[in-house]
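To keep things clear, I will list the structure first and then write my remarks on it.
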Amino acid sequence: MRFDRVELRYLSLPMTRGFETSFSRTTRKDFLLLALSADGVTGYGECVADESPYYLPETIGTVHHVLRDFLVPLALARDFDHPRDLWAAMAPVRGHEMAKATLEMAAWELLARREGRPLHALLGGRGGTIAAGVSIGLQKDPQALVEEVAREVEAGYRRIKIKIKPGRDAALVEAVRARFPDVPLMVDANNAYTLADRALFESLDAQRLTMIEQPLGWDDFGDHAALQRALRTPICLDESIRSAAHARHALELGACRVVNVKVGRIGGFTEALALHELCVSRGVPLWCGGMVESGIGRLANVHLQTLPGFTLPGDTSAGARYFDEDLVDPPVTVSKAGAVAVPEGPGIGHEIVWDRVERATRWREAWTR
Ligand code: OSB
Ligand code: MG
């Protein structure tokens with residue numbers, strides 16, 4: 001592929017509802033969308049970085065900088081046979097996985113469109129449907145949370161994830177469990193705790209949670225290993241895993257028993273495929289996380305989850321839970337049976353709604369060969 005143009009847009013989309021985690025509350029979705037062109041075909045990559053470095057260190061600002069000054073020049077400097085060669089060429093840039101993924105995912109999407117095939121076919125996945133789970137943000141009180149869980153169970157979701165933080169944890173789990181004793185339920189703390197909170201997690205062990213996601217430090221393995229030794233409930237790492245090697249180290253140290261993959265967090269699809277292979281070879285359950293993506297990034301997640309190692313429902317919920325006017329048509333929907341249909345059109349497989357993209361665009365910048 002001879003890339004001849006890269007365009008980066010900053011988009012700001014109003015959200016239908018706020019999303020609150022232990023680290024922030026958002027009511028708008030601000031993100032970068034990258035368009036990569038070669039020989040008259042364009043592919044798209046949605047960046048998962050936020051304005052603030054509260055989930056991981058990267059931000060929209062750092063992604064813009066690293067793309068503009070390092071990754072885009074490199075992508076326009078020579079030809080690439082395959083997206084994995086672009087990934088290899090980006091190796092001299094340390095870290096900055098979200099920036100790398102934005103470009104690398106666009107290269108896969110471009111290749112899929114050029115071949116007239118759906119993204120899942122290039123990744124080695126399959127058609128059909130995937131199982132949907134849902135991530136529910138912090139609500140104003142336990143009653144509001146239980147009502148929200150009831151709505152999502154009714155909507156068909158096959159696994160419920162709730163956010164917790166210190167002071168808003170055990171009581172929330174108890175309230176949900178009292179009403180839904182058997183629903184597949186997990187919690188995500190987004191690194192809000194330390195080992196000093198061990199007793200809380202030991203008490204949660206009785207709640208038959210499918211897993212506890214990222215309870216401790218965002219870049220920690222050692223304390224997670226100590227906590228995992230004390231628990232029956234599996235720990236799942238999210239923030240701590242920014243490469244396939246991180247996952248291997250975490251598993252070897254006993255820091256987790258389940259892995260959450262976000263393509264945008266680990267540098268792109270090439271690395272996601274390596275991580276997938278690692279988990280399959282070790283029999284480790286794998287699932288696909290979400291970053292409140294627009295339909296473009298959401299569909300990329302749908303395609304990835306058709307690979308055989310994705311044995312657990314992910315955080316891919318209906319686009320309409322977050323956006324009245326999503327950027328793809330049709331939007332991503334979830335059936336009453338909790339299934340998302342895998343698109344069969346070229347690339348991500350649904351049309352991008354350009355007038356909505358234009359309306360959401362705050363600035364744009366382009367580079368040519
Ligand atoms: O930790 O999984 C997370 C959203 C933003 C940042 C981090 C996380 C999340 C979610 C939302 O849990 C998942 C989604 O619906 O996209
Ligand atoms: Mg998480």
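Numbering starts fresh at 1 for the residues of each chain in the structure tokens, the chains themselves are lettered A, B, ... in the order given, and ligands are numbered from 1 as they appear.
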Subject >> Non-local contacts of range 233-248 of chain A (6 Å; only C-alpha atoms; under 6 positions in same chain excluded) as a list in words >> reply: Asp205, Met211, Ile212, Glu213, Gln214, Trp218, Asp219, Cys256, Arg257, Val258, Val259, Asn260, Arg265, Ile266 and Leu275 of chain A
Which chain A residues have any atom within 10 Å of an atom of ligand 1, and for each, what is the nearest pair of atoms with distance in Å to one decimal, counting only C-alpha atoms and all ligand atoms, rows sorted by chain and number, as CSV?
residue,atom,partner,partner_atom_place_in_ligand_line,distance
A:Phe19,CA,ligand 1,4 (C),7.8
A:Glu20,CA,ligand 1,4 (C),8.5
A:Thr21,CA,ligand 1,9 (C),7.5
A:Ser22,CA,ligand 1,1 (O),9.2
A:Phe23,CA,ligand 1,6 (C),8.8
A:Ser24,CA,ligand 1,6 (C),8.9
A:Arg25,CA,ligand 1,5 (C),9.7
A:Thr26,CA,ligand 1,5 (C),9.2
A:Val48,CA,ligand 1,6 (C),8.5
A:Ala49,CA,ligand 1,6 (C),9.1
A:Asp50,CA,ligand 1,6 (C),8.6
A:Tyr54,CA,ligand 1,6 (C),9.0
A:Tyr55,CA,ligand 1,6 (C),6.2
A:Leu56,CA,ligand 1,6 (C),9.1
A:Gly133,CA,ligand 1,15 (O),8.8
A:Val134,CA,ligand 1,15 (O),6.2
A:Ser135,CA,ligand 1,12 (O),5.1
A:Ile136,CA,ligand 1,12 (O),7.3
A:Gly137,CA,ligand 1,12 (O),7.4
A:Lys161,CA,ligand 1,12 (O),7.8
A:Ile162,CA,ligand 1,12 (O),8.2
A:Lys163,CA,ligand 1,12 (O),7.4
A:Val187,CA,ligand 1,12 (O),9.6
A:Asp188,CA,ligand 1,1 (O),6.5
A:Ala189,CA,ligand 1,1 (O),7.7
A:Asn190,CA,ligand 1,1 (O),5.5
A:Asn191,CA,ligand 1,1 (O),9.1
A:Glu213,CA,ligand 1,1 (O),7.9
A:Gln214,CA,ligand 1,1 (O),7.9
A:Leu237,CA,ligand 1,1 (O),9.5
A:Asp238,CA,ligand 1,1 (O),6.7
A:Glu239,CA,ligand 1,1 (O),7.4
A:Asn260,CA,ligand 1,2 (O),8.3
A:Val261,CA,ligand 1,2 (O),9.6
A:Lys262,CA,ligand 1,2 (O),8.6
A:Cys288,CA,ligand 1,2 (O),9.3
A:Gly289,CA,ligand 1,2 (O),5.6
A:Gly290,CA,ligand 1,16 (O),3.4
A:Met291,CA,ligand 1,16 (O),3.9
A:Val292,CA,ligand 1,16 (O),3.4
A:Glu293,CA,ligand 1,16 (O),6.0
A:Ser294,CA,ligand 1,16 (O),9.1
A:Gly297,CA,ligand 1,16 (O),9.7
A:Arg298,CA,ligand 1,16 (O),8.0
A:Asn301,CA,ligand 1,16 (O),9.9
A:Gly314,CA,ligand 1,13 (C),8.7
A:Asp315,CA,ligand 1,13 (C),5.2
A:Thr316,CA,ligand 1,15 (O),6.1
A:Ser317,CA,ligand 1,15 (O),6.1
A:Ala318,CA,ligand 1,15 (O),8.7
A:Gly319,CA,ligand 1,15 (O),8.9
A:Arg321,CA,ligand 1,15 (O),8.6
A:Tyr322,CA,ligand 1,15 (O),8.3
**OP:** Would you list, as a VMD selection string, the residues of range 212-328 of chain A that end up in helix (DSSP H, G or I) under DSSP run on this structure's backbone?
**Re:** chain A and resid 222 to 230 244 to 253 263 to 265 269 to 282 295 to 304 319 to 321
Original post:
Looking at only C-alpha atoms and all ligand atoms, which of A:Ala99, A:Arg117, A:Ser203, A:Leu216 is the one that sits closest to ligand 2?
Top reply: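 Of all the options, A:Leu216 lies closest to ligand 2.
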What lies within 8 Å of range 354-356 of chain A using only C-alpha atoms, ignoring chain neighbours under 4 positions off, as an mmCIF file with N, CA and C atoms, in the first residue's frame?
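Just written: out-v8.cif:
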data_model
loop_
_atom_site.group_PDB
_atom_site.id
_atom_site.type_symbol
_atom_site.label_atom_id
_atom_site.label_comp_id
_atom_site.auth_asym_id
_atom_site.auth_seq_id
_atom_site.Cartn_x
_atom_site.Cartn_y
_atom_site.Cartn_z
ATOM 1 N N GLU A 325 -27.371 10.640 17.597
ATOM 2 C CA GLU A 325 -26.998 10.687 16.192
ATOM 3 C C GLU A 325 -25.629 10.066 16.041
ATOM 4 N N ASP A 326 -25.604 8.753 15.910
ATOM 5 C CA ASP A 326 -24.336 8.044 15.767
ATOM 6 C C ASP A 326 -23.764 8.325 14.375
ATOM 7 N N LEU A 327 -22.505 7.964 14.182
ATOM 8 C CA LEU A 327 -21.832 8.304 12.921
ATOM 9 C C LEU A 327 -21.955 7.225 11.863
ATOM 10 N N ALA A 360 -19.973 17.441 13.624
ATOM 11 C CA ALA A 360 -19.259 17.198 14.882
ATOM 12 C C ALA A 360 -17.795 17.644 14.818
#
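The nearest approach to Asp85 in chain A among the residues A:Phe70, A:Glu152, A:Trp108, A:Gly295, with only C-alpha atoms taken into account, belongs to A:Trp108.
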Original post:
What lies within 12 Å of Arg151 in chain A using only C-alpha atoms, ignoring chain neighbours under 5 positions off, as a ChimeraX atom specification?
Top reply: /A:134,136,144-146,156-157,160,321,336
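Assigned to strand (DSSP E or B) in range 112-216 of chain A, given DSSP computed from backbone atoms, are Pro118, Thr129, Ile130, Ala131, Ala132, Val134, Ser135, Ile136, Ile160, Lys161, Ile162, Lys163, Lys165, Arg168, Leu185, Met186, Val187, Asp188, Ile212 and Glu213 of chain A.
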Subject >> Which of A:Cys47, A:Val173, A:Ala320, A:Val153 sits closest to Met105 in chain A [using only C-alpha atoms] >> reply: A:Cys47
